[in-house]
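Below is one structure, written out as structure tokens; the observations come after it.
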Amino acid sequence: MYKEPLFNVAAINSGLYQRVKALATCQSIRAQLFYLKDFIRNCRLAHNLREQFEDQGHWVSEPHVYSIEDFTMVRQGGLYVILASLVDAGVKHVDSCPLCQARGFVCEICNKGNVIFPFQLDKCNQCAGCRACYHKACFRPSKTPCPKCRRLQKRREIRRTKRPLSP
């Protein structure tokens, strides 16, 4: 039971992230891992790194779920060290891999040429609907409509109106 990931902090008491700074730091790094895992898992050039990510289990796949052992490691600072080294390795791979770079995003709002990624939590926001990424300064989910979602909605409306009416 000590090692079983049973506690979903977001569901039990998300206020813990504000009260326990070490837990908030680990949650942020786990969110980065959550987004990085898709790049690493789908990259044919990331063999060794893929195995490292798969060995981490719930740390990578469920950013809010913890075991008692995890809480102990958070308190001692050990979990952050392990997760930070994994994030560093993943980011280095993505930065140097042409296949992963091709899966990045260019902000459709400002159209600056730099590639952004969903794991860059300090730089980008991701649309909850279509998962497109935008610079934080360009896209605020509660205030700015997502250009990709608007475009997809327009396409759906056009398809609906072009369908022939059946007798």
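Ligands are numbered from 1 in the order shown, residues from 1 within each chain, and chains are lettered A, B, ... in the order they appear in the structure tokens.
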
Would you pick out the contacts of A:Leu86 at 8 Å or less, using only C-alpha atoms, so that residues sharing its chain but fewer than 6 positions from it are not included, and give the list as a PyMOL selection string? chain A and resi 33+52-53

Shell around stretch 112-128 of chain A at 8 Å using only C-alpha atoms, local window under 2 positions removed, as a list in words: Ala31, Gln32, Leu33, Phe34, Tyr35, Leu36, Gln101, Gly104, Phe105, Val106, Cys107, Cys110, Cys130, Arg131, Ala132, Cys133, Tyr134, His135, Lys136, Phe139, Arg140, Pro141 and Cys146 of chain A

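Taking atom CA of A:Thr72 and atom CA of A:Ala22 as the two end points, the separation is 11.1 Å.
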
For A:Thr25, which residue among A:Gly129, A:Lys3, A:Leu83, A:Ala46 is the nearest when counting only C-alpha atoms?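 Of A:Gly129, A:Lys3, A:Leu83, A:Ala46, the one nearest A:Thr25, counting only C-alpha atoms, is A:Leu83.
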
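Minimum atom-to-atom distance to A:Cys97, evaluated using only C-alpha atoms, belongs to A:Leu45 out of A:Ala10, A:Leu16, A:Leu45, A:Leu152.
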
Work out how far apart atom CA of A:Glu51 and atom CA of A:Ser85 are and give it in Å to one decimal.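 A separation of 14.5 Å between them.
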
Could you give me the residues within stretch 87-155 of chain A that DSSP places in strand (DSSP E), as a ChimeraX atom specification? /A:124-126,133-135

Using the selection just defined, write its residues with all heavy atoms as a PDB file, in the first residue's frame.
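selection-v6.pdb written:
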ATOM      1  N   CYS A 124       3.882  28.557 -22.748  1.00  0.00           N
ATOM      2  CA  CYS A 124       2.715  28.322 -23.607  1.00  0.00           C
ATOM      3  C   CYS A 124       1.485  27.872 -22.834  1.00  0.00           C
ATOM      4  O   CYS A 124       1.569  27.314 -21.755  1.00  0.00           O
ATOM      5  CB  CYS A 124       3.079  27.360 -24.718  1.00  0.00           C
ATOM      6  SG  CYS A 124       2.690  25.648 -24.475  1.00  0.00           S
ATOM      7  N   ASN A 125       0.333  28.172 -23.442  1.00  0.00           N
ATOM      8  CA  ASN A 125      -0.963  27.665 -22.999  1.00  0.00           C
ATOM      9  C   ASN A 125      -1.471  26.725 -24.078  1.00  0.00           C
ATOM     10  O   ASN A 125      -1.266  26.972 -25.267  1.00  0.00           O
ATOM     11  CB  ASN A 125      -1.976  28.801 -22.811  1.00  0.00           C
ATOM     12  CG  ASN A 125      -1.801  29.526 -21.514  1.00  0.00           C
ATOM     13  OD1 ASN A 125      -1.392  28.945 -20.513  1.00  0.00           O
ATOM     14  ND2 ASN A 125      -2.096  30.812 -21.516  1.00  0.00           N
ATOM     15  N   GLN A 126      -2.176  25.699 -23.653  1.00  0.00           N
ATOM     16  CA  GLN A 126      -2.720  24.736 -24.598  1.00  0.00           C
ATOM     17  C   GLN A 126      -4.238  24.825 -24.565  1.00  0.00           C
ATOM     18  O   GLN A 126      -4.843  24.879 -23.491  1.00  0.00           O
ATOM     19  CB  GLN A 126      -2.263  23.329 -24.227  1.00  0.00           C
ATOM     20  CG  GLN A 126      -2.601  22.301 -25.271  1.00  0.00           C
ATOM     21  CD  GLN A 126      -2.023  20.937 -24.927  1.00  0.00           C
ATOM     22  OE1 GLN A 126      -2.018  20.529 -23.781  1.00  0.00           O
ATOM     23  NE2 GLN A 126      -1.555  20.233 -25.936  1.00  0.00           N
ATOM     24  N   CYS A 133      -1.151  24.724 -29.230  1.00  0.00           N
ATOM     25  CA  CYS A 133      -0.374  25.519 -28.279  1.00  0.00           C
ATOM     26  C   CYS A 133      -0.172  26.929 -28.796  1.00  0.00           C
ATOM     27  O   CYS A 133       0.026  27.145 -29.996  1.00  0.00           O
ATOM     28  CB  CYS A 133       0.989  24.874 -28.053  1.00  0.00           C
ATOM     29  SG  CYS A 133       0.902  23.345 -27.128  1.00  0.00           S
ATOM     30  N   TYR A 134      -0.195  27.882 -27.859  1.00  0.00           N
ATOM     31  CA  TYR A 134      -0.011  29.295 -28.153  1.00  0.00           C
ATOM     32  C   TYR A 134       0.862  29.894 -27.061  1.00  0.00           C
ATOM     33  O   TYR A 134       0.899  29.383 -25.941  1.00  0.00           O
ATOM     34  CB  TYR A 134      -1.350  30.027 -28.183  1.00  0.00           C
ATOM     35  CG  TYR A 134      -2.337  29.423 -29.139  1.00  0.00           C
ATOM     36  CD1 TYR A 134      -3.301  28.523 -28.698  1.00  0.00           C
ATOM     37  CD2 TYR A 134      -2.304  29.730 -30.493  1.00  0.00           C
ATOM     38  CE1 TYR A 134      -4.202  27.948 -29.572  1.00  0.00           C
ATOM     39  CE2 TYR A 134      -3.199  29.162 -31.373  1.00  0.00           C
ATOM     40  CZ  TYR A 134      -4.143  28.270 -30.915  1.00  0.00           C
ATOM     41  OH  TYR A 134      -5.026  27.703 -31.794  1.00  0.00           O
ATOM     42  N   HIS A 135       1.541  31.000 -27.367  1.00  0.00           N
ATOM     43  CA  HIS A 135       2.287  31.708 -26.335  1.00  0.00           C
ATOM     44  C   HIS A 135       1.327  32.182 -25.254  1.00  0.00           C
ATOM     45  O   HIS A 135       0.189  32.555 -25.546  1.00  0.00           O
ATOM     46  CB  HIS A 135       3.009  32.930 -26.925  1.00  0.00           C
ATOM     47  CG  HIS A 135       4.092  32.582 -27.876  1.00  0.00           C
ATOM     48  ND1 HIS A 135       4.012  32.858 -29.221  1.00  0.00           N
ATOM     49  CD2 HIS A 135       5.288  31.979 -27.681  1.00  0.00           C
ATOM     50  CE1 HIS A 135       5.114  32.443 -29.808  1.00  0.00           C
ATOM     51  NE2 HIS A 135       5.907  31.902 -28.896  1.00  0.00           N
TER      52      HIS A 135
END

So what do you get for atom CA of A:Tyr17 versus atom CA of A:Ile82, distance-wise?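 Separating atom CA of A:Tyr17 from atom CA of A:Ile82 is a distance of 19.2 Å.
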
Every residue of stretch 62-167 of chain A that DSSP places in alpha helix (DSSP H), as a count of residues only: 49

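The residue that comes closest to A:His64, out of A:Thr161, A:Gln27, A:Asn48, A:Asn42 and on the basis of only C-alpha atoms, is A:Gln27.
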
Which one is closest to A:Arg44: A:Lys162, A:Arg150, A:His58, A:His93? Count only C-alpha atoms. A:His93

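Candidate residues A:Leu23, A:Ser67, A:Leu49, A:Ala89 were compared for distance to A:Leu6, and the nearest is A:Ser67, using only C-alpha atoms.
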